[in-house]
Amino acid sequence: MSMPMTIREYLRACDIDFEEVPHPREVTTSRIAQQAHIAGNQLAKAVMLHGDTGYRLAVLPSTRDADLERLSALFHEKVELASEDEIADCFKDCDPGATTPVGQAYGLQVYIDDLLRHQPDIYFEAGDHETLVHMSGSEFDRLMTASPHGQISRHH
């Protein structure tokens with residue numbers, strides 16, 4: 001599989017300059033970062049959340065976990081990690097488990113961890129387990145310009 005058209009077309013529509021970086025098939029972000037020789041704090045991972053008012057996407061460095069308490073306070077409702085089935089229903093054209101940070105393309109509100117802002121380079125899953133999207137940090141900031149941000153992650 002390659003990058004789903006939903007993601008490719010969204011990035012093109014936003015006029016984002018990016019490149020696709022193939023990597024050996026891996027499913028964990030730590031192994032992907034290792035295989036692709038990328039610093040873990042430059043590899044963004046997406047965590048889909050489920051709350052009373054629907055789904056949201058938290059985007060954070062691969063080296064950290066979503067801080068559910070802080071996110072619940074931010075949203076003024078209890079949020080939990082979405083189930084694999086809920087994620088698959090939302091990201092229909094992505095491989096299972098290859099959730100992309102480009103949640104806007106799927107109608108999701110995206111929240112960015114401050115640690116990803118102003119990085120020189122950002123990488124993230126392209127929706128399969130064999131391709132990363134690479135863009136400059138400034139392009140990532142431009143892509144996520146409408147997304148609220150804050151300290152939404154914690155150490156593993």
# chains A, B, ... in the order shown; residues from 1 in each chain; ligands from 1
$ residues_around --residues "Asp95 in chain A" --least-positions-apart "6" --cutoff "12 Å" --atoms "only C-alpha atoms" --output "compact mmCIF listing (two decimals) with all heavy atoms, in the first residue's frame"
# COMPACT_ATOMS: atom_id res chain seq x y z
N MET A 1 0.84 -1.18 0.00
CA MET A 1 0.00 0.00 0.00
C MET A 1 0.89 1.24 0.00
O MET A 1 2.02 1.22 0.44
CB MET A 1 -0.88 -0.01 1.26
CG MET A 1 -1.92 1.08 1.28
SD MET A 1 -2.92 0.96 2.78
CE MET A 1 -3.74 2.53 2.68
N SER A 2 0.37 2.33 -0.51
CA SER A 2 1.10 3.59 -0.45
C SER A 2 0.21 4.62 0.24
O SER A 2 -0.87 4.31 0.72
CB SER A 2 1.48 4.04 -1.85
OG SER A 2 0.31 4.22 -2.63
N MET A 3 0.65 5.87 0.25
CA MET A 3 -0.10 6.92 0.91
C MET A 3 -1.52 7.00 0.36
O MET A 3 -1.72 7.10 -0.84
CB MET A 3 0.60 8.27 0.72
CG MET A 3 -0.12 9.40 1.43
SD MET A 3 0.49 11.07 1.04
CE MET A 3 2.19 10.95 1.44
N PRO A 4 -2.53 6.96 1.25
CA PRO A 4 -3.92 7.06 0.79
C PRO A 4 -4.17 8.40 0.08
O PRO A 4 -3.58 9.42 0.43
CB PRO A 4 -4.73 6.99 2.08
CG PRO A 4 -3.84 6.27 3.06
CD PRO A 4 -2.45 6.70 2.69
N ARG A 25 8.76 -2.26 6.55
CA ARG A 25 7.47 -2.35 7.24
C ARG A 25 7.67 -2.49 8.74
O ARG A 25 8.30 -3.43 9.21
CB ARG A 25 6.67 -3.52 6.70
CG ARG A 25 5.28 -3.61 7.32
CD ARG A 25 4.42 -4.68 6.65
NE ARG A 25 3.12 -4.71 7.27
CZ ARG A 25 2.11 -3.90 6.97
NH1 ARG A 25 2.27 -3.00 6.04
NH2 ARG A 25 0.95 -4.00 7.59
N GLU A 26 7.15 -1.52 9.49
CA GLU A 26 7.20 -1.52 10.95
C GLU A 26 5.88 -0.96 11.44
O GLU A 26 5.25 -0.15 10.77
CB GLU A 26 8.34 -0.62 11.47
CG GLU A 26 9.72 -1.17 11.23
CD GLU A 26 10.04 -2.39 12.06
OE1 GLU A 26 9.28 -2.71 13.00
OE2 GLU A 26 11.07 -3.04 11.77
N VAL A 27 5.48 -1.38 12.63
CA VAL A 27 4.21 -0.89 13.18
C VAL A 27 4.39 -0.03 14.43
O VAL A 27 3.46 0.65 14.82
CB VAL A 27 3.21 -2.05 13.45
CG1 VAL A 27 2.79 -2.69 12.15
CG2 VAL A 27 3.80 -3.07 14.40
N GLU A 84 -9.52 0.25 18.39
CA GLU A 84 -9.02 -0.06 17.04
C GLU A 84 -10.15 0.01 16.01
O GLU A 84 -9.95 0.50 14.90
CB GLU A 84 -8.36 -1.44 17.01
CG GLU A 84 -7.06 -1.54 17.78
CD GLU A 84 -5.94 -0.68 17.21
OE1 GLU A 84 -5.87 -0.51 15.98
OE2 GLU A 84 -5.13 -0.17 18.00
N ILE A 87 -10.99 3.66 15.26
CA ILE A 87 -9.94 4.24 14.42
C ILE A 87 -10.10 3.76 12.98
O ILE A 87 -10.05 4.55 12.04
CB ILE A 87 -8.54 3.88 14.97
CG1 ILE A 87 -8.34 4.53 16.36
CG2 ILE A 87 -7.45 4.32 14.00
CD1 ILE A 87 -7.15 3.99 17.13
N ALA A 88 -10.32 2.46 12.80
CA ALA A 88 -10.48 1.90 11.45
C ALA A 88 -11.69 2.50 10.74
O ALA A 88 -11.64 2.75 9.53
CB ALA A 88 -10.60 0.37 11.53
N ASP A 89 -12.78 2.75 11.48
CA ASP A 89 -13.97 3.36 10.88
C ASP A 89 -13.70 4.78 10.39
O ASP A 89 -14.25 5.22 9.39
CB ASP A 89 -15.14 3.40 11.88
CG ASP A 89 -15.81 2.06 12.05
OD1 ASP A 89 -15.53 1.14 11.24
OD2 ASP A 89 -16.61 1.92 13.00
N GLU A 125 3.57 9.02 9.89
CA GLU A 125 3.03 7.92 9.10
C GLU A 125 2.16 8.46 7.97
O GLU A 125 1.36 9.36 8.17
CB GLU A 125 2.16 7.00 9.97
CG GLU A 125 2.92 5.99 10.76
CD GLU A 125 3.41 4.82 9.94
OE1 GLU A 125 3.14 4.73 8.72
OE2 GLU A 125 4.09 3.98 10.52
N ALA A 126 2.31 7.86 6.81
CA ALA A 126 1.55 8.28 5.63
C ALA A 126 0.24 7.51 5.50
O ALA A 126 -0.44 7.63 4.48
CB ALA A 126 2.40 8.09 4.38
N GLY A 127 -0.12 6.71 6.50
CA GLY A 127 -1.36 5.95 6.42
C GLY A 127 -1.14 4.49 6.08
O GLY A 127 -2.08 3.71 5.97
N ASP A 128 0.12 4.12 5.86
CA ASP A 128 0.47 2.71 5.71
C ASP A 128 1.60 2.45 6.69
O ASP A 128 1.96 3.31 7.47
CB ASP A 128 0.86 2.38 4.26
CG ASP A 128 2.09 3.13 3.78
OD1 ASP A 128 2.79 3.76 4.60
OD2 ASP A 128 2.36 3.11 2.56
N HIS A 129 2.17 1.27 6.69
CA HIS A 129 3.26 0.98 7.61
C HIS A 129 4.60 0.96 6.90
O HIS A 129 5.57 0.40 7.41
CB HIS A 129 3.02 -0.36 8.32
CG HIS A 129 1.90 -0.31 9.31
ND1 HIS A 129 1.95 0.41 10.48
CD2 HIS A 129 0.67 -0.88 9.28
CE1 HIS A 129 0.82 0.27 11.14
NE2 HIS A 129 0.02 -0.50 10.44
N GLU A 130 4.65 1.56 5.71
CA GLU A 130 5.88 1.50 4.91
C GLU A 130 6.32 2.84 4.37
O GLU A 130 7.31 2.92 3.64
CB GLU A 130 5.67 0.52 3.74
CG GLU A 130 5.37 -0.89 4.23
CD GLU A 130 4.97 -1.82 3.10
OE1 GLU A 130 4.75 -1.36 1.97
OE2 GLU A 130 4.87 -3.03 3.37
N THR A 131 5.60 3.91 4.70
CA THR A 131 5.93 5.23 4.16
C THR A 131 5.79 6.29 5.24
O THR A 131 4.81 6.30 5.98
CB THR A 131 4.97 5.61 3.00
OG1 THR A 131 4.88 4.52 2.09
CG2 THR A 131 5.46 6.86 2.27
$ closest_atom_pairs --of "range 28-138 of chain A" --to "range 18-23 of chain A" --cutoff "12 Å" --atoms "only C-alpha atoms" --output "tab-separated table"
residue	atom	partner	partner_atom	distance
A:Thr29	CA	A:His23	CA	11.7
A:Arg31	CA	A:His23	CA	10.4
A:Ile32	CA	A:His23	CA	7.4
A:Ala33	CA	A:His23	CA	9.6
A:Gln34	CA	A:His23	CA	10.3
A:Gln35	CA	A:His23	CA	7.0
A:Ala36	CA	A:His23	CA	6.3
A:His37	CA	A:His23	CA	10.1
A:Ile38	CA	A:Val21	CA	11.3
A:Asp121	CA	A:Phe18	CA	10.6
A:Ile122	CA	A:Phe18	CA	9.9
A:Tyr123	CA	A:Val21	CA	8.9
A:Phe124	CA	A:Val21	CA	9.7
A:Glu125	CA	A:Val21	CA	9.6
A:Ala126	CA	A:Glu20	CA	7.9
A:Gly127	CA	A:Glu20	CA	11.4
A:Asp128	CA	A:Pro22	CA	10.2
A:His129	CA	A:His23	CA	8.2
A:Glu130	CA	A:His23	CA	5.2
A:Thr131	CA	A:Pro22	CA	4.4
A:Leu132	CA	A:Val21	CA	5.0
A:Val133	CA	A:Glu20	CA	4.8
A:His134	CA	A:Glu19	CA	5.3
A:Met135	CA	A:Phe18	CA	4.7
A:Ser136	CA	A:Phe18	CA	7.8
A:Gly137	CA	A:Phe18	CA	10.7
A:Ser138	CA	A:Phe18	CA	11.2
$ closest_residue --among "A:Asn41, A:Pro148, A:Glu77, A:Asp52" --to "Asp65 in chain A" --atoms "only C-alpha atoms"
A:Asn41
$ select_by_dssp --residues "chain A" --states "strand (DSSP E or B)" --output "tab-separated table (two decimals) with C-alpha atoms, in the first residue's frame"
chain	number	residue	atom	x	y	z
A	19	GLU	CA	8.31	14.11	0.41
A	20	GLU	CA	7.52	10.45	0.89
A	21	VAL	CA	10.18	8.39	2.64
A	22	PRO	CA	9.85	4.60	2.28
A	43	LEU	CA	8.47	11.66	14.45
A	44	ALA	CA	4.89	12.74	15.10
A	45	LYS	CA	2.33	10.14	16.09
A	46	ALA	CA	-1.44	10.51	16.11
A	47	VAL	CA	-3.57	9.34	19.02
A	48	MET	CA	-7.31	9.21	18.37
A	49	LEU	CA	-9.42	10.15	21.37
A	50	HIS	CA	-13.07	9.45	22.15
A	51	GLY	CA	-15.17	11.72	24.34
A	54	GLY	CA	-17.06	12.81	19.52
A	55	TYR	CA	-13.58	12.07	18.26
A	56	ARG	CA	-10.43	14.18	18.23
A	57	LEU	CA	-6.82	13.62	17.32
A	58	ALA	CA	-3.86	14.42	19.56
A	59	VAL	CA	-0.54	14.70	17.71
A	60	LEU	CA	2.60	14.30	19.78
A	61	PRO	CA	6.21	13.17	19.54
A	64	ARG	CA	5.76	10.48	24.52
A	65	ASP	CA	2.26	9.38	25.54
A	66	ALA	CA	-0.97	11.36	25.42
A	80	GLU	CA	-10.26	7.97	26.41
A	81	LEU	CA	-8.19	6.32	23.73
A	109	GLN	CA	-10.23	18.38	15.12
A	110	VAL	CA	-6.47	18.06	15.66
A	111	TYR	CA	-4.54	19.19	18.74
A	112	ILE	CA	-0.76	19.57	18.55
A	113	ASP	CA	1.73	19.03	21.35
A	121	ASP	CA	11.90	18.62	10.38
A	122	ILE	CA	8.78	16.57	11.03
A	123	TYR	CA	8.04	13.01	9.92
A	124	PHE	CA	4.81	11.05	10.30
A	125	GLU	CA	3.03	7.92	9.10
A	131	THR	CA	5.93	5.23	4.16
A	132	LEU	CA	6.70	8.34	6.16
A	133	VAL	CA	5.77	11.86	5.16
A	134	HIS	CA	8.65	14.29	5.66
A	135	MET	CA	8.31	18.05	5.66
A	136	SER	CA	10.08	21.00	7.18
A	149	HIS	CA	-1.73	23.43	20.70
A	150	GLY	CA	-0.46	22.96	24.23
A	153	SER	CA	1.87	14.71	26.32
A	154	ARG	CA	3.87	13.08	29.09
A	155	HIS	CA	6.88	10.78	29.33
$ select_by_dssp --residues "chain A" --states "helix (DSSP H, G or I)" --output "ChimeraX atom specification"
/A:5-13,29-36,40-42,68-75,84-90,103-106,114-116,137-143
$ atom_distance --atom1 "CA of Leu143 in chain A" --atom2 "CA of Cys14 in chain A"
7.0 Å
$ atom_distance --atom1 "CA of Gly103 in chain A" --atom2 "CA of Asp17 in chain A"
17.7 Å
$ atom_distance --atom1 "CA of Asp67 in chain A" --atom2 "CA of Ile152 in chain A"
5.4 Å
$ closest_residue --among "A:Ala13, A:Met5, A:Met144, A:Cys94" --to "Asp114 in chain A" --atoms "only C-alpha atoms"
A:Met144
$ residues_around --residues "Thr6 in chain A" --least-positions-apart "3" --cutoff "7 Å" --atoms "only C-alpha atoms" --output "list in words"
Glu9, Tyr10 and Ala105 of chain A
